[in-house]
>>> print(open('input_18.cif').read())   # mmCIF, C-alpha atoms
data_start
loop_
_atom_site.label_atom_id
_atom_site.label_comp_id
_atom_site.auth_asym_id
_atom_site.auth_seq_id
_atom_site.Cartn_x
_atom_site.Cartn_y
_atom_site.Cartn_z
CA MET A 88 161.36 92.61 120.30
CA ILE A 89 160.94 89.44 118.42
CA ALA A 90 164.37 89.26 116.79
CA PRO A 91 166.10 92.62 116.98
CA ASN A 92 169.40 91.45 115.56
CA MET A 93 168.15 89.78 112.43
CA ALA A 94 164.96 91.41 111.34
CA THR A 95 161.72 92.57 112.77
CA MET A 96 158.72 90.26 112.83
CA LEU A 97 157.39 89.73 109.34
CA ALA A 98 154.47 87.31 109.05
CA PHE A 99 153.12 86.09 105.72
CA VAL A 100 149.91 84.10 105.44
CA THR A 101 148.66 82.91 102.08
CA THR A 102 145.38 81.39 100.99
CA ASP A 103 144.09 80.07 97.68
CA ALA A 104 140.67 81.51 98.45
CA ALA A 105 139.41 84.38 96.34
CA VAL A 106 138.70 87.24 98.73
CA GLN A 107 137.99 90.80 97.77
CA PRO A 108 140.65 93.17 99.17
CA ARG A 109 138.24 95.11 101.34
CA LEU A 110 136.76 92.03 102.99
CA LEU A 111 140.22 90.53 103.45
CA GLN A 112 141.47 93.74 105.05
CA ASP A 113 138.47 93.93 107.38
CA VAL A 114 138.76 90.33 108.49
CA THR A 115 142.54 90.56 108.89
CA CYS A 116 142.31 93.70 111.04
CA ARG A 117 139.64 92.17 113.25
CA VAL A 118 141.56 88.95 113.74
CA THR A 119 144.93 90.68 114.19
CA GLU A 120 143.49 92.72 117.04
CA ARG A 121 142.79 89.48 118.91
CA THR A 122 145.96 87.59 117.91
CA PHE A 123 149.14 89.41 116.87
CA ASN A 124 148.24 92.57 118.77
CA ARG A 125 147.88 90.49 121.93
CA VAL A 126 151.36 89.00 121.85
CA THR A 127 153.94 90.73 123.98
CA VAL A 128 157.43 89.45 124.66
CA ASP A 129 158.64 92.55 126.46
CA GLY A 130 156.14 95.30 125.66
CA ASP A 131 158.55 96.79 123.14
CA THR A 132 156.60 97.26 119.95
CA SER A 133 158.87 96.97 116.96
CA THR A 134 158.02 99.74 114.56
CA ASN A 135 158.39 97.35 111.65
CA ASP A 136 156.27 94.37 112.74
CA SER A 137 154.11 93.42 109.79
CA LEU A 138 151.53 90.84 108.89
CA PHE A 139 150.70 90.23 105.24
CA VAL A 140 147.68 88.14 104.31
CA LEU A 141 147.63 87.29 100.63
CA ALA A 142 144.67 85.71 98.85
CA GLY A 143 145.67 84.39 95.43
CA GLY A 144 142.30 83.04 94.37
CA ALA A 145 143.81 79.90 92.77
CA SER A 146 141.06 77.73 94.25
CA ARG A 147 138.40 79.86 92.55
CA VAL A 148 136.40 79.55 95.75
CA GLU A 149 135.04 83.01 96.31
CA ILE A 150 134.60 84.23 99.87
CA THR A 151 131.56 86.48 100.06
CA GLY A 152 130.08 88.30 103.03
CA GLU A 153 128.18 85.15 103.95
CA ASP A 154 131.32 83.04 104.18
CA ALA A 155 133.23 85.75 106.00
CA PRO A 156 132.62 84.39 109.54
CA GLY A 157 133.95 80.95 108.56
CA PHE A 158 136.93 82.46 106.76
CA GLN A 159 137.57 84.69 109.76
CA ASP A 160 137.51 81.70 112.14
CA ALA A 161 139.99 79.83 109.93
CA LEU A 162 142.31 82.84 109.72
CA GLU A 163 142.08 83.33 113.48
CA ALA A 164 143.05 79.70 114.05
CA VAL A 165 146.14 80.10 111.84
CA LEU A 166 147.20 83.43 113.33
CA GLY A 167 146.53 82.14 116.84
CA ARG A 168 148.92 79.23 116.29
CA LEU A 169 151.58 81.52 114.84
CA CYS A 170 151.24 83.77 117.89
CA ARG A 171 151.79 80.91 120.32
CA MET A 172 154.95 80.02 118.40
CA ILE A 173 156.16 83.62 118.58
CA ALA A 174 155.56 83.98 122.31
CA ARG A 175 157.09 80.56 123.03
CA ASP A 176 160.10 81.60 120.97
CA GLY A 177 160.55 84.94 122.83
CA GLU A 178 164.16 85.87 123.51
CA GLY A 179 165.47 83.65 126.30
CA ALA A 180 161.98 82.31 127.04
CA SER A 181 161.64 79.03 128.91
CA ARG A 182 157.84 79.10 129.23
CA LEU A 183 154.83 80.30 127.26
CA VAL A 184 152.39 82.31 129.35
CA GLU A 185 148.74 82.85 128.49
CA VAL A 186 146.92 85.49 130.52
CA ARG A 187 143.15 85.19 130.13
CA VAL A 188 140.87 87.79 131.59
CA GLU A 189 137.09 87.45 131.80
CA GLY A 190 134.37 89.27 133.68
CA ALA A 191 135.76 92.66 132.65
CA ASP A 192 133.60 95.74 132.36
CA SER A 193 134.61 96.26 128.71
CA GLU A 194 136.90 94.66 126.16
CA GLN A 195 139.30 97.59 126.61
CA ASP A 196 139.42 96.86 130.33
CA ALA A 197 139.98 93.15 129.69
CA VAL A 198 142.91 93.94 127.38
CA ARG A 199 144.35 96.46 129.84
CA ALA A 200 144.20 93.95 132.68
CA ALA A 201 145.64 91.06 130.64
CA ARG A 202 148.38 93.26 129.19
CA ALA A 203 149.37 94.69 132.59
CA VAL A 204 149.91 91.18 133.94
CA GLY A 205 151.55 89.92 130.73
CA GLU A 206 153.96 92.85 130.65
CA SER A 207 154.74 92.95 134.36
CA VAL A 208 158.48 92.47 134.54
CA LEU A 209 158.11 91.26 138.12
CA PHE A 210 155.46 88.68 137.23
CA LYS A 211 157.52 87.45 134.27
CA CYS A 212 160.52 86.99 136.55
CA ALA A 213 158.32 84.98 138.95
CA VAL A 214 157.34 82.74 136.01
CA ALA A 215 161.04 82.27 135.19
CA GLY A 216 161.55 81.16 138.78
CA GLY A 217 158.47 78.92 138.65
CA ASP A 218 156.97 80.69 141.65
CA PRO A 219 153.15 81.14 141.72
CA ASN A 220 153.44 84.69 143.05
CA TRP A 221 149.78 85.71 143.05
CA GLY A 222 150.66 89.06 144.64
CA ARG A 223 152.43 90.20 141.48
CA ILE A 224 149.38 89.27 139.39
CA VAL A 225 146.95 91.13 141.63
CA CYS A 226 149.34 94.08 141.86
CA ALA A 227 149.47 94.39 138.06
CA LEU A 228 145.67 94.22 137.89
CA GLY A 229 145.54 97.01 140.45
CA TYR A 230 147.63 99.41 138.39
CA SER A 231 146.27 98.32 135.01
CA GLY A 232 143.68 101.08 134.86
CA ALA A 233 140.89 98.53 134.42
CA ALA A 234 137.93 98.51 136.80
CA VAL A 235 139.16 96.04 139.42
CA VAL A 236 137.51 95.34 142.76
CA PRO A 237 139.47 92.97 145.02
CA GLU A 238 136.30 91.40 146.46
CA THR A 239 135.11 90.20 143.03
CA THR A 240 138.52 89.12 141.70
CA THR A 241 139.40 85.46 141.26
CA VAL A 242 142.74 84.17 139.92
CA HIS A 243 143.60 80.65 138.78
CA ILE A 244 147.04 79.41 137.78
CA GLY A 245 146.27 76.40 135.65
CA GLU A 246 143.47 74.60 137.51
CA VAL A 247 144.51 75.91 140.92
CA CYS A 248 142.56 78.80 142.39
CA VAL A 249 145.14 81.05 144.08
CA VAL A 250 142.97 84.10 144.78
CA GLN A 251 139.25 83.98 145.57
CA GLY A 252 137.36 87.24 146.14
CA GLY A 253 140.65 89.08 146.52
CA THR A 254 141.93 86.71 149.23
CA PRO A 255 144.76 84.19 148.74
CA THR A 256 143.62 80.59 149.04
CA ASP A 257 147.03 79.26 150.07
CA LYS A 258 146.60 76.40 147.56
CA ASP A 259 149.82 75.09 146.05
CA ALA A 260 150.17 76.20 142.41
CA HIS A 261 153.84 75.37 141.90
CA GLU A 262 153.05 72.56 139.46
CA PRO A 263 151.01 74.63 136.95
CA MET A 264 153.47 77.51 137.37
CA GLN A 265 156.33 75.24 136.35
CA ALA A 266 154.53 73.78 133.32
CA GLU A 267 155.76 74.44 129.79
CA GLU A 268 152.65 76.54 129.24
CA VAL A 269 151.53 78.64 132.17
CA ILE A 270 147.87 79.65 132.04
CA VAL A 271 146.62 82.46 134.26
CA ASP A 272 142.84 82.81 134.41
CA ILE A 273 141.53 86.01 135.91
CA ASP A 274 137.85 86.72 136.54
CA LEU A 275 137.30 90.36 137.43
CA GLY A 276 133.62 89.80 138.26
CA GLN A 277 132.71 93.18 136.82
CA GLY A 278 131.04 92.43 133.51
CA GLN A 279 130.96 90.17 130.46
CA ALA A 280 134.05 91.19 128.46
CA SER A 281 137.12 89.02 128.01
CA ALA A 282 140.57 89.11 126.39
CA ARG A 283 143.78 87.18 126.44
CA VAL A 284 147.42 88.03 125.98
CA LEU A 285 150.27 85.69 125.10
CA THR A 286 153.71 86.26 126.53
CA CYS A 287 156.67 84.37 127.99
CA ASP A 288 158.83 84.48 131.08
CA LEU A 289 161.70 86.92 131.59
CA THR A 290 164.94 85.04 132.12
CA LYS A 291 168.59 85.91 132.54
CA ASP A 292 169.03 84.74 128.95
CA TYR A 293 166.72 87.55 127.81
CA VAL A 294 169.03 90.07 129.45
CA THR A 295 172.10 88.40 127.97
CA ILE A 296 170.60 88.46 124.46
CA ASN A 297 169.54 92.10 124.74
CA ALA A 298 172.50 93.48 126.67
CA GLU A 299 175.47 91.60 125.29
CA TYR A 300 174.58 91.36 121.59
CA HIS A 301 177.76 93.18 120.59
CA THR A 302 180.16 90.99 122.55
CA MET B 150 159.37 96.98 142.97
CA ILE B 151 161.76 98.68 145.26
CA ALA B 152 162.24 95.93 147.80
CA PRO B 153 159.56 93.30 147.42
CA ASN B 154 161.03 90.85 149.92
CA MET B 155 161.44 93.21 152.84
CA ALA B 156 158.88 95.95 152.61
CA THR B 157 157.41 98.26 150.10
CA MET B 158 158.84 101.73 149.66
CA LEU B 159 158.00 103.89 152.67
CA ALA B 160 159.46 107.38 152.65
CA PHE B 161 159.33 109.71 155.63
CA VAL B 162 160.34 113.35 155.41
CA THR B 163 160.19 115.60 158.46
CA THR B 164 160.52 119.34 158.88
CA ASP B 165 160.48 121.64 161.88
CA ALA B 166 158.58 124.23 159.88
CA ALA B 167 155.01 124.99 160.87
CA VAL B 168 152.87 124.28 157.81
CA GLN B 169 149.10 124.08 157.74
CA PRO B 170 147.93 120.59 156.69
CA ARG B 171 146.20 121.77 153.55
CA LEU B 172 149.20 123.73 152.24
CA LEU B 173 151.53 120.86 153.14
CA GLN B 174 149.29 118.39 151.30
CA ASP B 175 149.09 120.61 148.20
CA VAL B 176 152.83 121.19 148.03
CA THR B 177 153.61 117.52 148.70
CA CYS B 178 151.25 116.34 145.95
CA ARG B 179 152.69 118.78 143.42
CA VAL B 180 156.27 117.87 144.21
CA THR B 181 155.58 114.13 144.39
CA GLU B 182 154.16 114.25 140.87
CA ARG B 183 157.54 115.47 139.63
CA THR B 184 159.75 113.32 141.86
CA PHE B 185 158.51 110.03 143.36
CA ASN B 186 155.91 109.51 140.65
CA ARG B 187 158.66 109.79 138.03
CA VAL B 188 160.83 107.01 139.41
CA THR B 189 160.44 103.64 137.80
CA VAL B 190 162.64 100.65 138.44
CA ASP B 191 160.54 98.19 136.44
CA GLY B 192 157.17 99.86 135.90
CA ASP B 193 155.65 97.70 138.61
CA THR B 194 153.86 100.06 140.93
CA SER B 195 153.80 98.67 144.41
CA THR B 196 150.33 99.14 145.81
CA ASN B 197 151.80 100.15 149.15
CA ASP B 198 154.38 102.77 148.17
CA SER B 199 153.92 105.72 150.52
CA LEU B 200 155.46 109.08 151.19
CA PHE B 201 154.77 110.83 154.49
CA VAL B 202 155.74 114.47 154.96
CA LEU B 203 155.46 115.55 158.57
CA ALA B 204 155.73 119.17 159.72
CA GLY B 205 156.20 119.35 163.47
CA GLY B 206 156.35 123.13 163.81
CA ALA B 207 159.16 123.01 166.42
CA SER B 208 160.95 125.92 164.73
CA ARG B 209 157.84 128.08 165.11
CA VAL B 210 158.59 129.38 161.62
CA GLU B 211 155.23 129.45 159.96
CA ILE B 212 155.01 128.76 156.25
CA THR B 213 152.28 130.85 154.70
CA GLY B 214 151.10 131.02 151.12
CA GLU B 215 153.83 133.58 150.40
CA ASP B 216 156.59 131.23 151.53
CA ALA B 217 155.05 128.24 149.77
CA PRO B 218 157.20 128.46 146.59
CA GLY B 219 160.42 128.46 148.63
CA PHE B 220 159.19 125.64 150.82
CA GLN B 221 158.14 123.74 147.72
CA ASP B 222 161.59 124.16 146.14
CA ALA B 223 163.26 122.91 149.31
CA LEU B 224 160.96 119.90 149.51
CA GLU B 225 161.54 119.14 145.82
CA ALA B 226 165.29 119.21 146.35
CA VAL B 227 165.01 116.71 149.21
CA LEU B 228 162.60 114.39 147.40
CA GLY B 229 164.64 114.65 144.21
CA ARG B 230 167.75 113.42 146.04
CA LEU B 231 165.84 110.56 147.64
CA CYS B 232 164.53 109.55 144.20
CA ARG B 233 168.01 109.37 142.73
CA MET B 234 169.03 107.12 145.61
CA ILE B 235 166.01 104.88 145.01
CA ALA B 236 166.61 104.52 141.27
CA ARG B 237 170.35 103.96 141.79
CA ASP B 238 169.49 101.30 144.34
CA GLY B 239 167.03 99.48 142.02
CA GLU B 240 167.22 95.70 142.19
CA GLY B 241 170.38 94.56 140.44
CA ALA B 242 171.03 98.05 139.04
CA SER B 243 174.53 98.95 137.91
CA ARG B 244 173.67 102.39 136.51
CA LEU B 245 171.30 105.25 137.23
CA VAL B 246 169.44 106.45 134.14
CA GLU B 247 167.85 109.87 133.79
CA VAL B 248 165.56 110.33 130.80
CA ARG B 249 164.84 114.01 130.14
CA VAL B 250 162.30 115.03 127.54
CA GLU B 251 161.81 118.59 126.36
CA GLY B 252 160.02 120.16 123.42
CA ALA B 253 156.90 118.07 124.05
CA ASP B 254 153.45 119.21 123.04
CA SER B 255 152.15 118.90 126.62
CA GLU B 256 153.44 117.81 130.01
CA GLN B 257 151.41 114.60 129.65
CA ASP B 258 153.19 113.90 126.36
CA ALA B 259 156.57 114.64 127.92
CA VAL B 260 155.86 112.18 130.75
CA ARG B 261 154.56 109.56 128.33
CA ALA B 262 157.68 109.83 126.17
CA ALA B 263 160.10 109.80 129.12
CA ARG B 264 158.28 106.92 130.78
CA ALA B 265 158.18 104.84 127.59
CA VAL B 266 161.96 105.10 127.23
CA GLY B 267 162.57 104.65 130.97
CA GLU B 268 160.40 101.54 131.11
CA SER B 269 161.54 99.98 127.84
CA VAL B 270 162.91 96.62 128.86
CA LEU B 271 164.97 96.56 125.66
CA PHE B 272 166.51 99.98 126.29
CA LYS B 273 167.28 99.08 129.90
CA CYS B 274 169.07 95.94 128.73
CA ALA B 275 171.10 98.06 126.31
CA VAL B 276 172.11 100.27 129.25
CA ALA B 277 173.17 97.16 131.17
CA GLY B 278 175.36 96.24 128.21
CA GLY B 279 176.68 99.81 127.93
CA ASP B 280 175.54 100.03 124.32
CA PRO B 281 174.25 103.41 123.04
CA ASN B 282 171.40 101.78 121.13
CA TRP B 283 169.60 104.90 119.86
CA GLY B 284 167.15 102.72 117.90
CA ARG B 285 165.60 101.42 121.12
CA ILE B 286 165.15 104.97 122.40
CA VAL B 287 163.50 106.19 119.21
CA CYS B 288 161.37 103.04 119.04
CA ALA B 289 160.04 103.64 122.56
CA LEU B 290 159.27 107.27 121.67
CA GLY B 291 157.38 105.99 118.65
CA TYR B 292 155.02 103.77 120.64
CA SER B 293 154.76 106.10 123.64
CA GLY B 294 151.55 107.69 122.45
CA ALA B 295 153.14 111.15 122.60
CA ALA B 296 153.15 113.40 119.54
CA VAL B 297 156.48 112.43 117.96
CA VAL B 298 157.72 113.46 114.53
CA PRO B 299 161.02 111.86 113.49
CA GLU B 300 162.14 114.97 111.58
CA THR B 301 162.01 117.16 114.71
CA THR B 302 163.42 114.61 117.16
CA THR B 303 166.91 114.98 118.62
CA VAL B 304 168.49 112.57 121.10
CA HIS B 305 171.64 113.06 123.17
CA ILE B 306 173.30 110.46 125.35
CA GLY B 307 175.32 112.54 127.77
CA GLU B 308 176.87 115.28 125.62
CA VAL B 309 176.88 113.19 122.45
CA CYS B 310 174.15 113.81 119.89
CA VAL B 311 173.15 110.38 118.58
CA VAL B 312 170.01 111.33 116.63
CA GLN B 313 169.46 114.63 114.86
CA GLY B 314 166.17 115.26 113.09
CA GLY B 315 165.33 111.58 113.27
CA THR B 316 168.62 110.54 111.63
CA PRO B 317 171.47 108.76 113.42
CA THR B 318 174.64 110.84 113.61
CA ASP B 319 176.97 107.86 113.93
CA LYS B 320 178.81 109.64 116.75
CA ASP B 321 180.34 107.39 119.37
CA ALA B 322 178.34 107.52 122.62
CA HIS B 323 179.83 104.47 124.33
CA GLU B 324 181.55 106.56 126.99
CA PRO B 325 178.44 108.39 128.29
CA MET B 326 176.45 105.15 128.00
CA GLN B 327 178.93 103.39 130.26
CA ALA B 328 179.02 106.16 132.87
CA GLU B 329 177.69 105.57 136.39
CA GLU B 330 174.85 107.97 135.55
CA VAL B 331 173.46 107.74 132.04
CA ILE B 332 171.63 110.85 130.91
CA VAL B 333 169.38 110.70 127.87
CA ASP B 334 168.21 114.07 126.57
CA ILE B 335 165.35 114.01 124.10
CA ASP B 336 164.03 117.07 122.31
CA LEU B 337 160.77 116.30 120.53
CA GLY B 338 160.67 119.70 118.82
CA GLN B 339 156.88 119.85 119.16
CA GLY B 340 156.28 122.33 121.95
CA GLN B 341 157.46 123.73 125.27
CA ALA B 342 156.66 121.00 127.80
CA SER B 343 159.27 118.89 129.56
CA ALA B 344 159.52 116.03 132.05
CA ARG B 345 162.09 113.61 133.35
CA VAL B 346 162.01 110.06 134.63
CA LEU B 347 164.59 108.32 136.78
CA THR B 348 165.27 104.65 136.30
CA CYS B 349 168.14 102.15 136.20
CA ASP B 350 169.43 99.45 133.91
CA LEU B 351 167.98 95.93 133.73
CA THR B 352 170.64 93.38 134.57
CA LYS B 353 170.80 89.63 135.03
CA ASP B 354 170.96 90.34 138.77
CA TYR B 355 167.49 91.90 138.56
CA VAL B 356 166.15 88.64 137.15
CA THR B 357 168.00 86.61 139.77
CA ILE B 358 166.60 88.73 142.60
CA ASN B 359 163.05 88.56 141.25
CA ALA B 360 163.01 84.99 139.99
CA GLU B 361 165.02 83.07 142.57
CA TYR B 362 164.00 84.79 145.79
CA HIS B 363 162.76 81.50 147.28
CA THR B 364 165.91 79.51 146.63
#
>>> encode(input="input_18.cif", output="structure tokens")
Amino acid sequence: MIAPNMATMLAFVTTDAAVQPRLLQDVTCRVTERTFNRVTVDGDTSTNDSLFVLAGGASRVEITGEDAPGFQDALEAVLGRLCRMIARDGEGASRLVEVRVEGADSEQDAVRAARAVGESVLFKCAVAGGDPNWGRIVCALGYSGAAVVPETTTVHIGEVCVVQGGTPTDKDAHEPMQAEEVIVDIDLGQGQASARVLTCDLTKDYVTINAEYHT
Amino acid sequence: MIAPNMATMLAFVTTDAAVQPRLLQDVTCRVTERTFNRVTVDGDTSTNDSLFVLAGGASRVEITGEDAPGFQDALEAVLGRLCRMIARDGEGASRLVEVRVEGADSEQDAVRAARAVGESVLFKCAVAGGDPNWGRIVCALGYSGAAVVPETTTVHIGEVCVVQGGTPTDKDAHEPMQAEEVIVDIDLGQGQASARVLTCDLTKDYVTINAEYHT
């Protein structure tokens, strides 16, 4: 969880724009699906996580249906930055990890695949150790439930291609795996859908924080 | 994974009984669903995990459809014991954890609920710390996808009832939580289905083993 000993995650975003409640709710839900709902520190959903978006209207600039796409983009930029901060600040985290999946058969498949990798305890331990363990990435894709065909699967860690058509390239990806922000790009080669998930590594400090909080 | 640096999990079970391949396959699949497929050390399915059941027929005792239930019970007892050994031997594990769910609406729901608790990284850290953190159990039930109603949910750790009708009892469950084998009994109060999952705690040694295996 984000901060189990203090409070749950409560996010407040305010804007001076004047936005009708229904439009604001619609836009917030859409954007949350792609931002807050794609952050996972440990896969443990806190039942109290909340995001409040408040539009006070002080600017007297009214957001109508026409302006909605622009407003949505701006909100997504703000929420996206908050999400990076949350993942980077995960309990015991030493590295931010961004798992980006493209070429999926559907958005649901893209999310499944990205989430399986981002929540793989084994993969997150490999990130903690700075080891570009492509096997753990491919393994998580395999059990994700998404349509995955080894022969069409390509995996990059940073700029380094580690798996091409399901086969390891033997290229050295230690440097991007030991960066402050580890980016894993996965192309499933199955379709046009994409998704990304933000997470962090799993370190001994995570276990200490979540096992020894009473001592 | 069970032993990622040596091999994947390969289980071999032999019997001198004479069993026709089709019956043996049927019984093995049914029993595996309730034994090996309900063990989870970290949720990371190894793509190579295999169980082989070989019937040599040396005893000349033929197992027919009539004997199948007895044969199935015997096989389940053997596989069940192997599974406890596997979970107890999980990487870095200090405790075996058995999550038993009853009163579920369907077997699928029972498995979902048991698996969510058994794979909750937060709960497994609490087990490592020996803390009877009922909140992490209830939280995992909540996001499991199973039909869960707080008011009908009861949770025991060992013999100690920690949650009754969704409300904490404030009874001290430190002793059963610090036992060698931690048993969590969950009654969802929704139906008749049950399931159990075997797992272990998540310790700093798990992270060391899976992060620093190259050093």
>>> interface_residues(input="input_18.cif", of="chain B", to="chain A", cutoff="10 Å", atoms="all atoms listed in the file", output="ChimeraX atom specification")
/B:150,153,190-197,265-266,268-280,285,287-289,291-293,350-364
>>> resolve_selection(input="input_18.cif", expression="the PyMOL selection byres ((chain A and resi 199) around 12)", output="VMD selection string")
chain A and resid 125 186 to 189 191 to 198 200 to 207 227 to 235 280 to 284
>>> write_last_selection(input="input_18.cif", atoms="C-alpha atoms", output="mmCIF file, in the frame of the given file")
data_model
loop_
_atom_site.group_PDB
_atom_site.id
_atom_site.type_symbol
_atom_site.label_atom_id
_atom_site.label_comp_id
_atom_site.auth_asym_id
_atom_site.auth_seq_id
_atom_site.Cartn_x
_atom_site.Cartn_y
_atom_site.Cartn_z
ATOM 1 C CA ARG A 125 147.880 90.490 121.930
ATOM 2 C CA VAL A 186 146.920 85.490 130.520
ATOM 3 C CA ARG A 187 143.150 85.190 130.130
ATOM 4 C CA VAL A 188 140.870 87.790 131.590
ATOM 5 C CA GLU A 189 137.090 87.450 131.800
ATOM 6 C CA ALA A 191 135.760 92.660 132.650
ATOM 7 C CA ASP A 192 133.600 95.740 132.360
ATOM 8 C CA SER A 193 134.610 96.260 128.710
ATOM 9 C CA GLU A 194 136.900 94.660 126.160
ATOM 10 C CA GLN A 195 139.300 97.590 126.610
ATOM 11 C CA ASP A 196 139.420 96.860 130.330
ATOM 12 C CA ALA A 197 139.980 93.150 129.690
ATOM 13 C CA VAL A 198 142.910 93.940 127.380
ATOM 14 C CA ALA A 200 144.200 93.950 132.680
ATOM 15 C CA ALA A 201 145.640 91.060 130.640
ATOM 16 C CA ARG A 202 148.380 93.260 129.190
ATOM 17 C CA ALA A 203 149.370 94.690 132.590
ATOM 18 C CA VAL A 204 149.910 91.180 133.940
ATOM 19 C CA GLY A 205 151.550 89.920 130.730
ATOM 20 C CA GLU A 206 153.960 92.850 130.650
ATOM 21 C CA SER A 207 154.740 92.950 134.360
ATOM 22 C CA ALA A 227 149.470 94.390 138.060
ATOM 23 C CA LEU A 228 145.670 94.220 137.890
ATOM 24 C CA GLY A 229 145.540 97.010 140.450
ATOM 25 C CA TYR A 230 147.630 99.410 138.390
ATOM 26 C CA SER A 231 146.270 98.320 135.010
ATOM 27 C CA GLY A 232 143.680 101.080 134.860
ATOM 28 C CA ALA A 233 140.890 98.530 134.420
ATOM 29 C CA ALA A 234 137.930 98.510 136.800
ATOM 30 C CA VAL A 235 139.160 96.040 139.420
ATOM 31 C CA ALA A 280 134.050 91.190 128.460
ATOM 32 C CA SER A 281 137.120 89.020 128.010
ATOM 33 C CA ALA A 282 140.570 89.110 126.390
ATOM 34 C CA ARG A 283 143.780 87.180 126.440
ATOM 35 C CA VAL A 284 147.420 88.030 125.980
#
>>> residues_around(input="input_18.cif", residues="stretch 168-174 of chain A", least_positions_apart="5", cutoff="7 Å", atoms="all atoms listed in the file", output="list in words")
Thr122, Phe123, Val126, Val128, Leu183, Leu285, Thr286 and Cys287 of chain A
>>> atom_distance(input="input_18.cif", atom1="atom CA of A:Met96", atom2="atom CA of A:Ala161")
21.6 Å
>>> atom_distance(input="input_18.cif", atom1="atom CA of A:Thr256", atom2="atom CA of A:Thr240")
12.4 Å
>>> atom_distance(input="input_18.cif", atom1="atom CA of A:Arg117", atom2="atom CA of A:Thr95")
22.1 Å
>>> resolve_selection(input="input_18.cif", expression="the PyMOL selection byres ((chain A and resi 239) around 8)", output="list of chain:residue names")
A:Val235, A:Val236, A:Pro237, A:Glu238, A:Thr240, A:Thr241, A:Gln251, A:Gly252, A:Gly253, A:Asp274, A:Leu275, A:Gly276, A:Gln277
>>> resolve_selection(input="input_18.cif", expression="the PyMOL selection byres ((chain A and resi 245) around 6)", output="number ranges by chain")
A: 243-244, 246-247, 263, 270
>>> axis_aligned_box(input="input_18.cif", around="stretch 204-212 of chain B", padding_each_side="4 Å", output="AutoDock Vina command-line options")
--center_x 158.0 --center_y 124.3 --center_z 161.3 --size_x 13.9 --size_y 18.3 --size_z 18.2
>>> build_atoms(input="input_18.cif", residues="stretch 230-240 of chain A", atoms="N, CA, C and O atoms", output="short mmCIF file (atom, residue, chain, number, x, y, z; two decimals), keeping the file's coordinate frame")
data_model
loop_
_atom_site.label_atom_id
_atom_site.label_comp_id
_atom_site.auth_asym_id
_atom_site.auth_seq_id
_atom_site.Cartn_x
_atom_site.Cartn_y
_atom_site.Cartn_z
N TYR A 230 147.16 98.20 139.07
CA TYR A 230 147.63 99.41 138.39
C TYR A 230 147.30 99.43 136.90
O TYR A 230 147.72 100.34 136.18
N SER A 231 146.54 98.45 136.45
CA SER A 231 146.27 98.32 135.01
C SER A 231 145.39 99.45 134.47
O SER A 231 145.39 99.71 133.27
N GLY A 232 144.61 100.07 135.33
CA GLY A 232 143.68 101.08 134.86
C GLY A 232 142.30 100.50 134.59
O GLY A 232 141.34 101.22 134.37
N ALA A 233 142.19 99.17 134.60
CA ALA A 233 140.89 98.53 134.42
C ALA A 233 140.09 98.63 135.72
O ALA A 233 140.67 98.80 136.79
N ALA A 234 138.77 98.52 135.59
CA ALA A 234 137.93 98.51 136.80
C ALA A 234 138.15 97.19 137.52
O ALA A 234 137.75 96.13 137.03
N VAL A 235 138.83 97.25 138.65
CA VAL A 235 139.16 96.04 139.42
C VAL A 235 138.71 96.25 140.86
O VAL A 235 139.02 97.27 141.47
N VAL A 236 137.94 95.30 141.37
CA VAL A 236 137.51 95.34 142.76
C VAL A 236 138.04 94.06 143.41
O VAL A 236 137.71 92.96 142.97
N PRO A 237 138.89 94.17 144.42
CA PRO A 237 139.47 92.97 145.02
C PRO A 237 138.41 91.92 145.37
O PRO A 237 138.58 90.74 145.04
N GLU A 238 137.31 92.35 145.96
CA GLU A 238 136.30 91.40 146.46
C GLU A 238 135.67 90.54 145.37
O GLU A 238 135.10 89.49 145.65
N THR A 239 135.73 90.99 144.10
CA THR A 239 135.11 90.20 143.03
C THR A 239 136.17 89.53 142.14
O THR A 239 135.84 88.96 141.10
N THR A 240 137.43 89.62 142.54
CA THR A 240 138.52 89.12 141.70
C THR A 240 138.95 87.70 142.08
O THR A 240 139.22 87.43 143.25
#
